[in-house]
file work-v7.csv (CSV, C-alpha atoms and all ligand atoms)
chain,number,residue,atom,x,y,z
W,1,MET,CA,38.3,65.9,153.9
W,2,PRO,CA,38.6,65.9,150.1
W,3,GLU,CA,41.1,63.2,149.0
W,4,LEU,CA,42.6,62.4,145.6
W,5,PRO,CA,39.4,61.8,143.7
W,6,GLU,CA,37.6,64.9,145.0
W,7,VAL,CA,40.7,67.0,144.6
W,8,ALA,CA,41.0,65.7,141.0
W,9,GLY,CA,37.4,66.7,140.4
W,10,LEU,CA,37.9,70.2,141.9
W,11,SER,CA,41.1,70.6,139.9
W,12,ALA,CA,39.5,69.6,136.6
W,13,PHE,CA,36.5,71.8,137.3
W,14,LEU,CA,38.7,74.8,138.0
W,15,ASP,CA,41.0,74.2,135.1
W,16,THR,CA,38.0,74.4,132.6
W,17,ARG,CA,36.6,77.5,134.3
W,18,LEU,CA,39.8,79.4,135.1
W,19,ARG,CA,42.3,78.6,132.3
W,20,GLY,CA,42.8,81.9,130.5
W,21,ALA,CA,41.1,84.0,133.2
W,22,ILE,CA,42.7,86.9,135.0
W,23,LEU,CA,42.9,86.8,138.8
W,24,THR,CA,41.6,90.2,139.6
W,25,LYS,CA,41.3,90.2,143.3
W,26,ILE,CA,42.4,88.1,146.3
W,27,GLN,CA,41.3,88.5,149.8
W,28,ILE,CA,42.9,86.5,152.6
W,29,VAL,CA,40.3,86.7,155.4
W,30,SER,CA,42.1,84.4,157.9
W,31,PHE,CA,45.8,85.1,157.9
W,32,ALA,CA,46.4,81.8,159.7
W,33,VAL,CA,45.8,80.1,156.4
W,34,LEU,CA,48.5,82.0,154.5
W,35,LYS,CA,51.8,80.1,154.9
W,36,THR,CA,54.1,82.2,152.8
W,37,ALA,CA,55.3,85.8,152.7
W,38,ASP,CA,57.4,86.0,149.5
W,39,PRO,CA,56.2,86.6,146.9
W,40,PRO,CA,53.3,88.6,148.5
W,41,TYR,CA,49.9,87.2,147.6
W,42,SER,CA,48.9,90.5,146.1
W,43,ALA,CA,51.5,89.8,143.3
W,44,LEU,CA,48.9,87.3,141.9
W,45,GLU,CA,46.5,90.1,141.0
W,46,GLY,CA,46.4,90.9,137.3
W,47,ARG,CA,48.0,87.6,136.3
W,48,GLU,CA,46.5,85.1,133.9
W,49,ILE,CA,45.8,81.5,135.1
W,50,THR,CA,47.5,79.2,132.6
W,51,GLY,CA,46.3,76.0,134.2
W,52,VAL,CA,45.1,74.2,137.3
W,53,GLN,CA,46.6,70.9,138.5
W,54,ARG,CA,46.4,68.5,141.4
W,55,MET,CA,49.5,67.4,143.3
W,56,GLY,CA,48.6,64.9,146.0
W,57,LYS,CA,45.7,66.6,147.9
W,58,PHE,CA,46.9,70.0,146.9
W,59,ILE,CA,45.3,72.2,144.1
W,60,VAL,CA,47.8,74.4,142.3
W,61,LEU,CA,46.8,77.4,140.2
W,62,ASP,CA,49.6,78.4,137.8
W,63,ALA,CA,49.6,82.2,137.4
W,64,GLY,CA,52.6,82.3,135.1
W,65,GLY,CA,55.6,82.3,137.3
W,66,ILE,CA,53.7,82.5,140.6
W,67,GLN,CA,51.8,79.6,141.9
W,68,LEU,CA,48.9,79.5,144.3
W,69,ALA,CA,48.7,76.2,146.0
W,70,PHE,CA,46.1,75.2,148.6
W,71,HIS,CA,45.2,72.3,150.7
W,72,LEU,CA,41.6,72.0,152.0
W,73,ALA,CA,42.4,69.9,155.1
W,74,LYS,CA,39.9,68.2,157.3
W,75,ALA,CA,36.9,70.6,157.3
W,76,GLY,CA,37.8,72.7,154.3
W,77,TRP,CA,35.9,73.1,151.1
W,78,LEU,CA,35.7,75.3,148.0
W,79,ARG,CA,32.7,77.3,146.8
W,80,TYR,CA,32.4,78.5,143.2
W,81,THR,CA,30.1,81.2,141.9
W,82,GLU,CA,29.6,83.2,138.7
W,83,SER,CA,28.2,86.1,140.6
W,84,PRO,CA,30.7,87.0,143.3
W,85,SER,CA,29.6,89.3,146.1
W,86,PRO,CA,31.3,92.7,146.0
W,87,ALA,CA,31.5,92.7,149.8
W,88,VAL,CA,34.8,93.2,151.6
W,89,LEU,CA,35.3,90.3,153.9
W,90,ARG,CA,36.1,90.9,157.6
W,91,PRO,CA,38.4,88.6,159.6
W,92,GLY,CA,37.0,86.4,162.3
W,93,LYS,CA,33.5,85.9,160.9
W,94,GLY,CA,32.1,83.0,159.1
W,95,TYR,CA,33.7,80.1,157.3
W,96,ILE,CA,35.5,81.9,154.5
W,97,ALA,CA,39.3,81.8,154.8
W,98,ALA,CA,40.1,83.3,151.4
W,99,ARG,CA,38.2,84.7,148.4
W,100,LEU,CA,39.6,84.8,144.8
W,101,GLU,CA,38.0,86.7,141.9
W,102,PHE,CA,38.6,86.2,138.3
W,103,MET,CA,37.6,87.7,135.0
W,104,LYS,CA,37.4,85.7,131.8
W,105,ALA,CA,36.9,87.4,128.5
W,106,ALA,CA,33.7,86.5,126.7
W,107,ALA,CA,35.6,84.9,123.8
W,108,ASP,CA,37.3,82.5,126.2
W,109,VAL,CA,34.1,81.4,127.9
W,110,ALA,CA,33.6,77.8,126.8
W,111,GLY,CA,30.4,77.3,125.0
W,112,ALA,CA,29.5,81.0,125.2
W,113,PRO,CA,26.0,81.4,123.7
W,114,GLY,CA,25.3,83.2,120.5
W,115,GLY,CA,23.3,85.9,122.4
W,116,PRO,CA,24.8,89.0,124.0
W,117,ARG,CA,28.4,88.3,125.0
W,118,HIS,CA,29.7,89.3,128.3
W,119,ASP,CA,32.8,88.8,130.4
W,120,LEU,CA,32.5,86.1,133.0
W,121,HIS,CA,33.1,87.2,136.6
W,122,VAL,CA,34.0,84.2,138.7
W,123,GLY,CA,34.5,83.9,142.5
W,124,ILE,CA,36.0,81.2,144.6
W,125,ASP,CA,35.8,81.0,148.3
W,126,LEU,CA,38.0,78.6,150.3
W,127,THR,CA,36.0,77.8,153.4
W,128,GLU,CA,36.7,75.9,156.6
W,129,ALA,CA,34.2,74.8,159.2
W,130,GLY,CA,35.2,74.3,162.9
W,131,THR,CA,37.6,76.0,165.2
W,132,ARG,CA,40.8,74.1,164.4
W,133,LYS,CA,42.1,75.9,161.3
W,134,SER,CA,44.3,73.7,159.1
W,135,LEU,CA,43.4,75.0,155.6
W,136,ALA,CA,46.7,76.1,154.0
W,137,VAL,CA,47.3,78.6,151.2
W,138,HIS,CA,50.8,79.0,149.7
W,139,VAL,CA,52.0,81.6,147.2
W,140,VAL,CA,55.2,80.4,145.7
W,141,ARG,CA,57.4,80.6,142.6
W,142,ASP,CA,57.6,76.8,142.3
W,143,PRO,CA,55.2,74.2,143.7
W,144,GLN,CA,58.2,72.4,145.1
W,145,ASP,CA,58.7,75.3,147.4
W,146,VAL,CA,55.6,74.1,149.3
W,147,PRO,CA,57.0,71.6,151.9
W,148,GLY,CA,53.9,69.4,151.8
W,149,ILE,CA,54.3,69.1,148.0
W,150,ALA,CA,58.1,68.7,148.0
W,151,THR,CA,57.8,65.7,150.3
W,152,LEU,CA,54.9,63.9,148.5
W,153,GLY,CA,55.4,60.3,147.7
W,154,PRO,CA,54.5,59.0,144.2
W,155,ASP,CA,51.1,59.6,142.8
W,156,PRO,CA,49.2,56.2,142.8
W,157,LEU,CA,47.6,57.0,139.4
W,158,SER,CA,50.8,58.0,137.7
W,159,ALA,CA,52.4,55.7,135.1
W,160,SER,CA,55.6,55.4,137.2
W,161,PHE,CA,53.7,53.9,140.2
W,162,ASP,CA,54.0,50.3,139.0
W,163,LEU,CA,53.6,47.1,141.0
W,164,ALA,CA,57.4,46.8,141.6
W,165,THR,CA,57.5,50.3,143.0
W,166,PHE,CA,54.6,49.6,145.3
W,167,ALA,CA,56.0,46.3,146.5
W,168,GLY,CA,59.3,48.1,147.2
W,169,ILE,CA,57.5,50.7,149.3
W,170,LEU,CA,55.7,48.0,151.3
W,171,ALA,CA,58.8,45.9,151.9
W,172,ALA,CA,60.7,48.9,153.2
W,173,SER,CA,58.1,49.9,155.7
W,174,PRO,CA,57.4,48.2,159.0
W,175,GLN,CA,54.1,50.0,159.7
W,176,GLN,CA,50.5,49.0,159.7
W,177,ILE,CA,49.0,49.1,156.2
W,178,LYS,CA,46.3,51.6,157.1
W,179,GLY,CA,48.8,54.2,158.3
W,180,LEU,CA,51.1,53.6,155.3
W,181,LEU,CA,48.4,54.2,152.7
W,182,ARG,CA,47.4,57.5,154.2
W,183,ASN,CA,51.0,58.7,154.7
W,184,GLN,CA,51.4,61.5,152.1
W,185,GLY,CA,55.2,61.1,152.1
W,186,VAL,CA,54.8,57.4,151.1
W,187,ILE,CA,51.9,57.6,148.6
W,188,ALA,CA,50.3,60.9,147.6
W,189,GLY,CA,46.6,61.6,147.8
W,190,ILE,CA,45.0,58.8,149.8
W,191,GLY,CA,43.4,59.8,153.2
W,192,ASN,CA,41.3,58.2,155.8
W,193,ALA,CA,38.2,57.5,153.7
W,194,TYR,CA,39.8,55.9,150.6
W,195,SER,CA,42.3,53.9,152.6
W,196,ASP,CA,39.3,52.2,154.3
W,197,GLU,CA,37.7,51.6,151.0
W,198,ILE,CA,40.9,50.2,149.4
W,199,LEU,CA,41.6,47.8,152.2
W,200,HIS,CA,38.0,46.6,152.1
W,201,ALA,CA,38.2,46.0,148.4
W,202,ALA,CA,41.5,44.1,148.9
W,203,ARG,CA,40.1,42.2,151.9
W,204,ILE,CA,43.1,43.2,154.1
W,205,SER,CA,43.0,44.1,157.8
W,206,PRO,CA,43.8,47.7,158.4
W,207,PHE,CA,46.3,46.5,161.1
W,208,ALA,CA,48.2,44.1,158.8
W,209,LEU,CA,51.9,44.9,158.7
W,210,SER,CA,52.9,46.1,155.3
W,211,LYS,CA,56.2,44.2,155.3
W,212,THR,CA,54.5,40.9,155.9
W,213,LEU,CA,52.0,40.9,153.0
W,214,ASP,CA,52.7,38.1,150.5
W,215,GLU,CA,53.2,38.7,146.8
W,216,ASN,CA,49.6,37.9,145.8
W,217,THR,CA,48.2,40.1,148.6
W,218,VAL,CA,50.5,43.0,147.4
W,219,ARG,CA,49.1,42.6,143.9
W,220,VAL,CA,45.5,42.5,145.0
W,221,LEU,CA,46.1,45.7,147.1
W,222,TYR,CA,47.8,47.4,144.2
W,223,GLU,CA,44.9,46.6,141.9
W,224,SER,CA,42.4,47.7,144.6
W,225,ILE,CA,44.2,51.1,144.8
W,226,HIS,CA,43.6,51.5,141.1
W,227,SER,CA,40.1,50.2,141.0
W,228,VAL,CA,38.8,52.2,144.0
W,229,LEU,CA,40.6,55.5,143.1
W,230,GLY,CA,39.9,55.1,139.4
W,231,ALA,CA,36.2,54.6,139.9
W,232,ALA,CA,36.0,57.5,142.3
W,233,VAL,CA,38.0,59.8,140.0
W,234,ALA,CA,35.7,58.9,137.1
W,235,GLU,CA,32.7,59.7,139.4
W,236,ALA,CA,34.2,63.0,140.5
W,237,VAL,CA,35.5,64.5,137.3
W,238,GLY,CA,32.9,66.6,135.6
W,239,LYS,CA,31.0,67.4,138.8
W,240,ALA,CA,30.7,70.8,140.3
W,241,PRO,CA,32.2,71.5,143.7
W,242,ASN,CA,28.9,71.4,145.5
W,243,GLU,CA,28.1,67.9,144.1
W,244,LEU,CA,31.4,66.3,145.0
W,245,LYS,CA,30.8,65.7,148.7
W,246,ASP,CA,27.6,63.7,148.1
W,247,ALA,CA,29.2,61.8,145.3
W,248,LYS,CA,32.0,60.7,147.6
W,249,ARG,CA,29.6,59.7,150.4
W,250,SER,CA,27.4,57.7,148.1
W,251,THR,CA,30.3,55.5,146.8
W,252,MET,CA,31.7,54.5,150.2
W,253,ARG,CA,31.2,50.9,151.1
W,254,VAL,CA,32.6,50.8,154.6
W,255,HIS,CA,33.9,54.2,155.4
W,256,GLY,CA,31.5,56.1,157.6
W,257,ARG,CA,29.1,53.1,157.6
W,258,THR,CA,29.6,51.7,161.1
W,259,GLY,CA,26.7,49.5,162.1
W,260,GLN,CA,25.4,49.0,158.6
W,261,PRO,CA,25.7,45.7,156.7
W,262,CYS,CA,28.7,45.2,154.4
W,263,PRO,CA,27.4,45.4,150.8
W,264,VAL,CA,29.6,42.4,149.9
W,265,CYS,CA,29.0,39.9,152.7
W,266,GLY,CA,26.4,41.4,155.0
W,267,THR,CA,28.5,41.4,158.1
W,268,THR,CA,28.0,44.4,160.3
W,269,ILE,CA,30.7,47.0,159.6
W,270,ARG,CA,32.8,47.9,162.6
W,271,GLU,CA,34.9,50.8,163.7
W,272,VAL,CA,38.1,51.4,165.5
W,273,SER,CA,38.3,54.8,167.1
W,274,PHE,CA,41.3,56.9,167.8
W,275,ALA,CA,41.6,60.3,169.5
W,276,ASP,CA,40.9,62.4,166.4
W,277,ARG,CA,39.5,60.0,163.8
W,278,ALA,CA,38.1,56.5,163.3
W,279,LEU,CA,38.5,53.7,160.7
W,280,GLN,CA,35.9,51.4,159.5
W,281,TYR,CA,36.2,47.8,158.3
W,282,CYS,CA,34.2,44.7,157.6
W,283,PRO,CA,35.2,41.8,159.9
W,284,GLY,CA,33.7,39.3,157.4
W,285,CYS,CA,35.7,40.5,154.5
W,286,GLN,CA,38.9,41.7,156.2
W,287,THR,CA,39.7,40.0,159.5
W,288,ASN,CA,38.2,36.5,159.3
W,289,GLY,CA,35.4,37.6,161.6
W,290,LYS,CA,37.8,39.0,164.3
W,291,ILE,CA,36.8,42.2,166.0
W,292,LEU,CA,39.7,44.6,166.2
W,293,ALA,CA,40.2,46.1,169.6
W,294,ASP,CA,40.2,49.9,170.1
W,295,ARG,CA,40.6,52.1,173.1
W,296,ARG,CA,36.9,51.9,173.9
W,297,THR,CA,36.5,48.1,173.5
W,298,SER,CA,39.9,46.8,174.5
W,299,ARG,CA,38.8,46.1,178.0
W,300,PHE,CA,36.2,43.7,176.7
W,301,VAL,CA,37.7,42.2,173.5
W,302,LYS,CA,40.8,40.1,173.3
E,1,ZN,ZN,32.1,42.2,154.1

call {"tool": "encode", "arguments": {"input": "work-v7.csv", "output": "structure tokens"}}
result
Amino acid sequence: MPELPEVAGLSAFLDTRLRGAILTKIQIVSFAVLKTADPPYSALEGREITGVQRMGKFIVLDAGGIQLAFHLAKAGWLRYTESPSPAVLRPGKGYIAARLEFMKAAADVAGAPGGPRHDLHVGIDLTEAGTRKSLAVHVVRDPQDVPGIATLGPDPLSASFDLATFAGILAASPQQIKGLLRNQGVIAGIGNAYSDEILHAARISPFALSKTLDENTVRVLYESIHSVLGAAVAEAVGKAPNELKDAKRSTMRVHGRTGQPCPVCGTTIREVSFADRALQYCPGCQTNGKILADRRTSRFVK
């Protein structure tokens, strides 16, 4: 699932490509993904995109008074092309949930060569693998009309997210730190992968209770949020959508690396599995060597 850094990369990429472009056509292939009815999605056609921004893990296209907001969810991704297929898409086949087409006038094409000038025809497909469809598209007048945006907690990279704000959030919450970090209503944009990475960088157990962290640990965690996300955003921005998944995978130190040696201390990276996901951590860096029990190992490990 794309998280804050990848969504920042996608959003920056789309902003450079689509700002000033006219949305000429929208096809919703899977109606399960369209979460709103008013305004109708067809009202987007013919409008100019005035900017693209990221809000949490949402990407929002501003079409001057109407906003298209989408969330790629667990198996969702975005495909970009400058030679869109003219085909009419049929429901129920393939991975494509929605297709958007844009036309950008030659004069607006950044770095248009001196040769023959032509309008740029751009296509974007929102895709989703797997059978459980959770990709969500919202067409609204205001981004705050999207429930998942209206309830977002502070953005961890915003200026207002200072150490005191973060300490206040932790002190008010009795939950495990791993769950808190990926709760979008508490802090926006961090998911399963980057919460593993942040906790590893901060050397904190994923099961530590947020309320009980001492002042120094809170500061280290706060700094780790910035260093991990900051480095990943720097890595992601400027990349094309098809390069972002690999970029994410290559920077992970513990997430998705069960059984491999920790790049910091060499201890074998462990995993705790849940019904629908798993977390990874380094016992050497994060739990003083203790192996955390999960539903598979709890019979054997105390
Ligand atoms: Zn380690």

call {"tool": "residues_around", "arguments": {"input": "work-v7.csv", "residues": "range 2-6 of chain W", "least_positions_apart": "6", "cutoff": "9 Å", "atoms": "all atoms listed in the file", "output": "VMD selection string"}}
result
chain W and resid 54 to 58 72 to 77 188 to 194 229 to 237 241 244 to 245 247 to 248

call {"tool": "residues_near_ligand", "arguments": {"input": "work-v7.csv", "ligand": "ligand ZN 1 (chain E)", "cutoff": "10 Å", "atoms": "only C-alpha atoms and all ligand atoms", "output": "compact mmCIF listing (two decimals) with C-alpha atoms, in the frame of the given file"}}
result
# COMPACT_ATOMS: atom_id res chain seq x y z
CA HIS W 200 38.00 46.60 152.10
CA ALA W 201 38.20 46.00 148.40
CA ARG W 203 40.10 42.20 151.90
CA ARG W 253 31.20 50.90 151.10
CA VAL W 254 32.60 50.80 154.60
CA PRO W 261 25.70 45.70 156.70
CA CYS W 262 28.70 45.20 154.40
CA PRO W 263 27.40 45.40 150.80
CA VAL W 264 29.60 42.40 149.90
CA CYS W 265 29.00 39.90 152.70
CA GLY W 266 26.40 41.40 155.00
CA THR W 267 28.50 41.40 158.10
CA THR W 268 28.00 44.40 160.30
CA ILE W 269 30.70 47.00 159.60
CA TYR W 281 36.20 47.80 158.30
CA CYS W 282 34.20 44.70 157.60
CA PRO W 283 35.20 41.80 159.90
CA GLY W 284 33.70 39.30 157.40
CA CYS W 285 35.70 40.50 154.50
CA GLN W 286 38.90 41.70 156.20
CA THR W 287 39.70 40.00 159.50
CA ASN W 288 38.20 36.50 159.30
CA GLY W 289 35.40 37.60 161.60

call {"tool": "atom_distance", "arguments": {"input": "work-v7.csv", "atom1": "CA of Ala37 in chain W", "atom2": "CA of Ala12 in chain W"}}
result
27.8 Å

call {"tool": "residues_around", "arguments": {"input": "work-v7.csv", "residues": "Pro40 in chain W", "least_positions_apart": "3", "cutoff": "9 Å", "atoms": "all atoms listed in the file", "output": "list of chain:residue names"}}
result
W:Thr36, W:Ala37, W:Ala43, W:Leu44, W:Val139, W:Val140

call {"tool": "write_last_selection", "arguments": {"input": "work-v7.csv", "atoms": "C-alpha atoms", "output": "mmCIF file, in the coordinates of the input"}}
result
data_model
loop_
_atom_site.group_PDB
_atom_site.id
_atom_site.type_symbol
_atom_site.label_atom_id
_atom_site.label_comp_id
_atom_site.auth_asym_id
_atom_site.auth_seq_id
_atom_site.Cartn_x
_atom_site.Cartn_y
_atom_site.Cartn_z
ATOM 1 C CA THR W 36 54.100 82.200 152.800
ATOM 2 C CA ALA W 37 55.300 85.800 152.700
ATOM 3 C CA ALA W 43 51.500 89.800 143.300
ATOM 4 C CA LEU W 44 48.900 87.300 141.900
ATOM 5 C CA VAL W 139 52.000 81.600 147.200
ATOM 6 C CA VAL W 140 55.200 80.400 145.700
#

call {"tool": "atom_distance", "arguments": {"input": "work-v7.csv", "atom1": "CA of Gly185 in chain W", "atom2": "CA of Val146 in chain W"}}
result
13.3 Å

call {"tool": "atom_distance", "arguments": {"input": "work-v7.csv", "atom1": "CA of Ala172 in chain W", "atom2": "CA of Ser227 in chain W"}}
result
24.0 Å

call {"tool": "closest_residue", "arguments": {"input": "work-v7.csv", "among": "W:Ile66, W:Ala105, W:Leu14, W:Ile28", "to": "Arg90 in chain W", "atoms": "all atoms listed in the file"}}
result
W:Ile28

call {"tool": "decode", "arguments": {"input": "work-v7.csv", "residues": "range 163-175 of chain W", "atoms": "N, CA and C atoms", "output": "PDB file, in the first residue's frame"}}
result
ATOM      1  N   LEU W 163       7.062  18.860  18.533  1.00  0.00           N
ATOM      2  CA  LEU W 163       7.301  17.844  19.556  1.00  0.00           C
ATOM      3  C   LEU W 163       6.225  17.871  20.646  1.00  0.00           C
ATOM      4  N   ALA W 164       5.799  19.074  21.043  1.00  0.00           N
ATOM      5  CA  ALA W 164       4.789  19.182  22.105  1.00  0.00           C
ATOM      6  C   ALA W 164       3.463  18.571  21.651  1.00  0.00           C
ATOM      7  N   THR W 165       3.090  18.817  20.383  1.00  0.00           N
ATOM      8  CA  THR W 165       1.857  18.238  19.837  1.00  0.00           C
ATOM      9  C   THR W 165       1.934  16.719  19.862  1.00  0.00           C
ATOM     10  N   PHE W 166       3.072  16.196  19.427  1.00  0.00           N
ATOM     11  CA  PHE W 166       3.253  14.748  19.386  1.00  0.00           C
ATOM     12  C   PHE W 166       3.222  14.156  20.798  1.00  0.00           C
ATOM     13  N   ALA W 167       3.915  14.798  21.729  1.00  0.00           N
ATOM     14  CA  ALA W 167       3.926  14.311  23.114  1.00  0.00           C
ATOM     15  C   ALA W 167       2.504  14.296  23.681  1.00  0.00           C
ATOM     16  N   GLY W 168       1.717  15.315  23.336  1.00  0.00           N
ATOM     17  CA  GLY W 168       0.330  15.384  23.786  1.00  0.00           C
ATOM     18  C   GLY W 168      -0.500  14.236  23.242  1.00  0.00           C
ATOM     19  N   ILE W 169      -0.292  13.902  21.967  1.00  0.00           N
ATOM     20  CA  ILE W 169      -1.014  12.790  21.339  1.00  0.00           C
ATOM     21  C   ILE W 169      -0.680  11.478  22.051  1.00  0.00           C
ATOM     22  N   LEU W 170       0.611  11.267  22.326  1.00  0.00           N
ATOM     23  CA  LEU W 170       1.031  10.020  22.977  1.00  0.00           C
ATOM     24  C   LEU W 170       0.472   9.923  24.396  1.00  0.00           C
ATOM     25  N   ALA W 171       0.534  11.024  25.117  1.00  0.00           N
ATOM     26  CA  ALA W 171       0.090  11.012  26.510  1.00  0.00           C
ATOM     27  C   ALA W 171      -1.407  10.739  26.612  1.00  0.00           C
ATOM     28  N   ALA W 172      -2.149  11.127  25.584  1.00  0.00           N
ATOM     29  CA  ALA W 172      -3.604  10.971  25.627  1.00  0.00           C
ATOM     30  C   ALA W 172      -4.062   9.591  25.178  1.00  0.00           C
ATOM     31  N   SER W 173      -3.098   8.770  24.709  1.00  0.00           N
ATOM     32  CA  SER W 173      -3.526   7.505  24.116  1.00  0.00           C
ATOM     33  C   SER W 173      -2.980   6.314  24.883  1.00  0.00           C
ATOM     34  N   PRO W 174      -3.850   5.388  25.278  1.00  0.00           N
ATOM     35  CA  PRO W 174      -3.394   4.222  26.021  1.00  0.00           C
ATOM     36  C   PRO W 174      -2.956   3.066  25.124  1.00  0.00           C
ATOM     37  N   GLN W 175      -2.924   3.248  23.805  1.00  0.00           N
ATOM     38  CA  GLN W 175      -2.726   2.079  22.944  1.00  0.00           C
ATOM     39  C   GLN W 175      -1.254   1.778  22.645  1.00  0.00           C
TER      40      GLN W 175
END
